[in-house]
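Undergrad: Would you mind keeping the following structure in view while I ask a few things?
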Amino acid sequence: MSTEAAAAHGPTAGEYIVHHLTHLNTTGHAQTSVIDFSVINLDTLTFSILMGVLGLFVMWRVAANVTSGVPGRMQAAVEIVLEMVANQAKGIVHHEESRKFVAPLALTVFVWIFLMNSMDFLPLDLLPTLWQTATGDHHAYLRVVPTADLNGTLGMSIGVLLVCLWYNVKIKGLGGWIHELFTAPFGSHPVLYPINFAMQMIEFLAKTVSHGMRLFGNMYAGELVFMLIALMGAAWGSAGLTGPLLWAGHIVAGSIWAIFHILIVALQAFIFMMLTLVYIGQAHESH
Amino acid sequence: MNLNATLFAQLVVFFILAWFTMKFVWPPIVKALDERAKKIADGLAAAERGKHDLELATKRSAEALREGKEKSAELLAQAEKRAAQIIDEAKAQAKVEAERIVAAGKADAEQEAVRAKEQLRESVAALAVAGAEKILRREIDAKAHAELLSAIKQDL
């Protein structure tokens with residue numbers, strides 16, 4: 001690898017990756033403990049809000065100038081996405097009143113996650129380098145993909161969980177829902193109450209964690225592969241043919257991975273949206 | 001891969017964005033989509049109606065054409081019949097007129113013949129009287145013989 005050459009001017013491969021996986025947070029250095037609620041990742045929050053505002057602003061402009069006549073291209077594009085989400089929502093959540101909130105929620109989730117995932121398409125070092133230049137600190141941390149941060153994805157999946165809990169209570173009534181917690185899935189019998197309740201709790205936990213983890217895992221892994229490919233490019237100065245060959249390999253591998261990543265970006269956004277609808281749909285069904 | 005308060009911030013952002021979409025993005029677009037769907041449905045219905053109307057009109061015009069043809073044929077037949085009738089009437093009238101003329105001619109001729117006969121009788125009578133005068137060589141007393149003369153005249 002390029003470690004020896006890189007060591008002369010910059011970080012080793014390990015240092016490079018660790019640096020790129022460290023968030024810009026309120027402490028200014030890497031978070032030491034696994035869970036610390038006094039810390040906020042400024043980069044994740046900034047880029048997720050930025051992407052959310054960008055996506056919603058575009059859709060809001062379209063909505064403000066919407067026409068029922070011949071639509072423009074932008075309106076047609078937004079309509080296609082909206083229609084897709086509306087149809088999925090109609091097929092999964094069989095409750096007209098709920099869909100007034102659930103369908104827009106699903107649209108938001110899809111567009112927002114798609115844009116956040118798309119931050120991966122920017123050159124890996126572009127924004128971090130700009131940030132380091134702007135602050136004058138050449139070790140400043142910055143991660144640009146909010147969905148490659150577990151806080152970002154779990155934040156959204158917990159949001160979905162809260163919506164599910166809300167609809168459980170709203171549709172079945174508090175009593176009905178508590179009754180269901182103790183009697184489903186195995187049946188109504190005092191002996192089965194604790195087992196049922198434990199199963200329900202595990203189900204909620206598994207749903208929420210897997211929902212957030214799936215998106216996080218995909219985007220984190222994708223980002224990591226981009227970093228490894230970038231390291232190949234950084235081997236330009238290596239001795240002999242190795243350097244140029246690795247550099248050429250980084251162009252080829254980078255292109256292939258970026259193209260494949262388009263699929264992952266769209267697919268993960270779609271999956272997150274679909275699971276959001278499915279979980280909320282389940283909250284409407286009584287056992 | 002550390003958990004921190006970003007999670008809660010993201011949670012709040014999530015709901016704010018969803019609320020914004022629900023309030024300002026979704027309803028106008030869905031309304032426009034529904035309106036367009038209605039417009040298209042109305043347009044299709046109107047087209048269907050137009051097609052139906054056209055069919056009806058075509059049928060009606062064909063009917064009218066057929067009726068017109070029938071009527072004209074009928075009128076033609078009537079006219080022909082009427083013409084034949086007029087000719088027949090004229091013929092009959094001519095015949096009657098001819099008969100009348102012939103009858104009048106005949107009557108004239110008969111009258112003429114009667115008149116000629118009368119003249120002839122008178123001439124004969126006169127001739128007879130003259131002959132008788134000559135035979136008798138005597139003057140006939142016209143008065144005395146008037147009765148006789150008129151009887152002769154009658155006989156002739």
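Each chain in the structure tokens gets a letter, A, B and so on, in the order shown; residues start at 1 in every chain, and ligands are counted from 1 in the order they appear.
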Considering only C-alpha atoms, extract the chain B residues located within 12 Å of chain A and return them as an MDAnalysis selection string.

TA: chainID B and resid 1:40

Undergrad: To test your reading of the structure, identify every residue in region 22-258 of chain A that backbone DSSP assigns to helix (DSSP H, G or I), and report it as a short mmCIF file (atom, residue, chain, number, x, y, z; two decimals) with C-alpha atoms, in the first residue's frame.

TA:
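Final output, saved to states_31.cif:
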```
data_model
loop_
_atom_site.label_atom_id
_atom_site.label_comp_id
_atom_site.auth_asym_id
_atom_site.auth_seq_id
_atom_site.Cartn_x
_atom_site.Cartn_y
_atom_site.Cartn_z
CA LEU A 42 -22.82 19.12 14.00
CA ASP A 43 -21.95 17.76 10.55
CA THR A 44 -24.72 15.15 10.50
CA LEU A 45 -27.26 17.67 11.71
CA THR A 46 -26.14 20.41 9.32
CA PHE A 47 -26.19 18.24 6.23
CA SER A 48 -29.42 16.46 7.11
CA ILE A 49 -31.20 19.77 7.69
CA LEU A 50 -29.64 21.17 4.53
CA MET A 51 -30.80 18.22 2.46
CA GLY A 52 -34.25 18.24 4.06
CA VAL A 53 -34.65 21.94 3.40
CA LEU A 54 -33.36 21.57 -0.17
CA GLY A 55 -35.73 18.71 -1.00
CA LEU A 56 -38.73 20.31 0.63
CA PHE A 57 -37.94 23.72 -0.86
CA VAL A 58 -37.92 22.29 -4.38
CA MET A 59 -41.17 20.41 -3.77
CA TRP A 60 -42.69 23.44 -2.07
CA ARG A 61 -41.86 25.65 -5.08
CA VAL A 62 -43.52 23.07 -7.31
CA ALA A 63 -46.53 22.85 -4.99
CA ALA A 64 -46.88 26.64 -4.89
CA ARG A 73 -40.89 18.98 -16.28
CA MET A 74 -40.13 19.76 -12.65
CA GLN A 75 -43.77 19.37 -11.69
CA ALA A 76 -44.01 16.14 -13.65
CA ALA A 77 -40.94 14.78 -11.84
CA VAL A 78 -42.32 15.68 -8.42
CA GLU A 79 -45.70 14.26 -9.43
CA ILE A 80 -44.13 10.95 -10.43
CA VAL A 81 -42.44 10.58 -7.03
CA LEU A 82 -45.55 11.73 -5.18
CA GLU A 83 -47.81 9.40 -7.15
CA MET A 84 -45.47 6.48 -6.48
CA VAL A 85 -45.50 7.18 -2.74
CA ALA A 86 -49.28 7.79 -2.73
CA ASN A 87 -49.91 4.45 -4.45
CA GLN A 88 -47.66 2.57 -2.05
CA ALA A 89 -49.34 4.26 0.91
CA LYS A 90 -52.77 3.39 -0.46
CA GLY A 91 -51.78 -0.25 -0.81
CA ILE A 92 -50.29 -0.58 2.66
CA GLU A 96 -57.98 7.22 4.64
CA GLU A 97 -57.62 9.63 7.54
CA SER A 98 -54.21 8.31 8.58
CA ARG A 99 -52.90 8.56 5.04
CA LYS A 100 -53.28 12.33 5.16
CA PHE A 101 -50.29 12.34 7.47
CA VAL A 102 -48.62 9.02 6.66
CA ALA A 103 -48.33 9.56 2.90
CA PRO A 104 -46.64 12.98 3.18
CA LEU A 105 -44.42 11.49 5.86
CA ALA A 106 -43.39 8.70 3.51
CA LEU A 107 -42.72 11.20 0.72
CA THR A 108 -40.57 13.29 3.08
CA VAL A 109 -38.66 10.21 4.18
CA PHE A 110 -38.03 9.10 0.61
CA VAL A 111 -36.87 12.46 -0.73
CA TRP A 112 -34.89 13.34 2.36
CA ILE A 113 -33.04 10.03 2.60
CA PHE A 114 -32.43 10.01 -1.14
CA LEU A 115 -30.75 13.42 -0.92
CA MET A 116 -28.79 12.53 2.24
CA ASN A 117 -27.58 9.32 0.63
CA SER A 118 -26.66 11.28 -2.49
CA MET A 119 -24.07 13.22 -0.49
CA ASP A 120 -21.98 10.11 -1.08
CA PHE A 121 -21.66 11.06 -4.76
CA LEU A 126 -14.15 17.79 -1.43
CA LEU A 127 -16.21 19.15 1.45
CA PRO A 128 -13.78 18.07 4.23
CA THR A 129 -10.89 19.82 2.44
CA LEU A 130 -12.99 22.95 1.88
CA TRP A 131 -13.96 22.88 5.54
CA GLN A 132 -10.36 22.42 6.66
CA THR A 133 -9.27 25.30 4.43
CA ALA A 134 -12.09 27.50 5.66
CA THR A 135 -11.36 26.88 9.33
CA PRO A 146 -25.89 12.05 7.45
CA THR A 147 -27.27 8.56 6.79
CA ALA A 148 -23.83 7.06 7.42
CA LEU A 150 -26.19 5.84 13.24
CA ASN A 151 -27.67 8.83 15.09
CA GLY A 152 -29.24 10.06 11.88
CA THR A 153 -30.82 6.79 10.86
CA LEU A 154 -31.87 5.74 14.36
CA GLY A 155 -33.34 9.20 14.90
CA MET A 156 -35.59 8.64 11.90
CA SER A 157 -36.47 5.04 12.80
CA ILE A 158 -37.38 6.12 16.34
CA GLY A 159 -39.53 8.79 14.74
CA VAL A 160 -41.29 6.05 12.83
CA LEU A 161 -41.65 4.06 16.06
CA LEU A 162 -43.33 7.02 17.74
CA VAL A 163 -45.73 7.36 14.82
CA CYS A 164 -46.51 3.63 15.12
CA LEU A 165 -47.18 3.93 18.86
CA TRP A 166 -49.40 6.95 18.23
CA TYR A 167 -51.49 5.12 15.65
CA ASN A 168 -51.67 1.99 17.83
CA VAL A 169 -53.31 4.09 20.54
CA LYS A 170 -55.36 6.17 18.11
CA ILE A 171 -56.85 3.27 16.18
CA LYS A 172 -57.28 0.65 18.91
CA GLY A 173 -57.68 2.92 21.91
CA LEU A 174 -55.28 2.80 24.83
CA GLY A 175 -57.13 -0.13 26.41
CA GLY A 176 -57.35 -2.03 23.15
CA TRP A 177 -53.68 -1.60 22.48
CA ILE A 178 -52.64 -2.69 25.99
CA HIS A 179 -54.94 -5.67 25.61
CA GLU A 180 -53.22 -6.52 22.35
CA LEU A 181 -49.78 -6.15 23.93
CA PHE A 182 -50.61 -8.96 26.37
CA THR A 183 -52.75 -11.24 24.22
CA PRO A 190 -52.78 -15.48 31.91
CA VAL A 191 -49.78 -17.80 31.47
CA LEU A 192 -49.14 -16.33 28.03
CA TYR A 193 -49.38 -12.67 29.09
CA PRO A 194 -45.69 -12.19 29.94
CA ILE A 195 -44.56 -14.12 26.87
CA ASN A 196 -46.80 -12.08 24.61
CA PHE A 197 -45.64 -8.84 26.15
CA ALA A 198 -41.98 -9.81 25.83
CA MET A 199 -42.54 -10.78 22.18
CA GLN A 200 -44.22 -7.45 21.48
CA MET A 201 -41.39 -5.52 23.08
CA ILE A 202 -38.80 -7.49 21.12
CA GLU A 203 -40.78 -6.87 17.97
CA PHE A 204 -40.87 -3.10 18.47
CA LEU A 205 -37.19 -3.02 19.36
CA ALA A 206 -36.15 -5.24 16.45
CA LYS A 207 -38.22 -3.26 13.98
CA THR A 208 -36.81 0.06 15.05
CA VAL A 209 -33.18 -1.04 15.36
CA SER A 210 -33.16 -2.99 12.09
CA HIS A 211 -34.93 -0.11 10.35
CA GLY A 212 -32.23 2.36 11.35
CA MET A 213 -29.33 -0.09 11.14
CA ARG A 214 -30.14 -1.25 7.62
CA LEU A 215 -29.82 2.23 6.15
CA PHE A 216 -26.84 3.08 8.32
CA GLY A 217 -25.03 -0.14 7.43
CA ASN A 218 -25.48 0.32 3.71
CA MET A 219 -24.37 3.93 3.66
CA TYR A 220 -21.52 3.41 6.12
CA ALA A 221 -20.19 0.49 4.11
CA GLY A 222 -20.57 2.45 0.88
CA GLU A 223 -18.66 5.37 2.34
CA LEU A 224 -15.94 3.04 3.60
CA VAL A 225 -15.50 1.53 0.15
CA PHE A 226 -15.18 5.03 -1.32
CA MET A 227 -12.42 5.69 1.25
CA LEU A 228 -10.55 2.54 0.31
CA ILE A 229 -10.81 3.49 -3.35
CA ALA A 230 -9.55 6.98 -2.51
CA LEU A 231 -6.55 5.38 -0.80
CA MET A 232 -5.72 3.64 -4.08
CA GLY A 233 -5.64 7.05 -5.72
CA ALA A 234 -3.40 8.37 -2.98
CA ALA A 235 -0.81 5.74 -3.93
CA TRP A 236 0.23 7.81 -6.97
CA GLY A 237 3.67 8.49 -5.52
CA THR A 242 2.59 0.25 -8.41
CA GLY A 243 1.64 3.86 -7.91
CA PRO A 244 0.30 4.65 -11.40
CA LEU A 245 -1.41 1.25 -11.62
CA LEU A 246 -3.17 1.76 -8.29
CA TRP A 247 -4.10 5.26 -9.38
CA ALA A 248 -5.63 3.93 -12.63
CA GLY A 249 -7.39 1.24 -10.58
CA HIS A 250 -8.86 3.91 -8.34
CA ILE A 251 -10.41 5.65 -11.35
CA VAL A 252 -11.95 2.42 -12.65
CA ALA A 253 -13.07 1.13 -9.24
CA GLY A 254 -14.33 4.58 -8.25
CA SER A 255 -16.47 4.86 -11.38
CA ILE A 256 -17.88 1.36 -11.00
CA TRP A 257 -18.64 1.82 -7.32
CA ALA A 258 -20.19 5.26 -7.82
#
```

Undergrad: CA of Ala64 (chain B) and CA of Ala83 (chain B) are how many Å apart?

TA: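 CA of Ala83 (chain B) lies at a distance of 28.0 Å from CA of Ala64 (chain B).
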
Undergrad: Need to verify the contact set: His145 (chain B), 12 Å, only C-alpha atoms, exclusion of same-chain residues closer than 6 positions in sequence. Can you return it as a PDB file with C-alpha atoms, in the first residue's frame?

TA:
```
ATOM      1  CA  VAL B 129    -153.041  26.421-107.637  1.00  0.00           C
ATOM      2  CA  ALA B 132    -155.603  24.372-111.367  1.00  0.00           C
ATOM      3  CA  GLU B 133    -156.180  27.939-112.526  1.00  0.00           C
ATOM      4  CA  GLU B 139    -160.913  32.879-112.269  1.00  0.00           C
ATOM      5  CA  ALA B 151    -157.395  21.667 -98.091  1.00  0.00           C
ATOM      6  CA  ILE B 152    -155.341  20.967-101.193  1.00  0.00           C
TER       7      ILE B 152
END
```

Undergrad: For the atom pair CA of His95 (chain A) and CA of Ala269 (chain A), what is the interatomic distance in Å to one decimal place?

TA: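 Distance reported for this atom pair: 23.6 Å.
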
Undergrad: Using Å and a single decimal, report how far CA of Phe270 (chain A) sits from CA of Ile17 (chain A).

TA: 28.7 Å
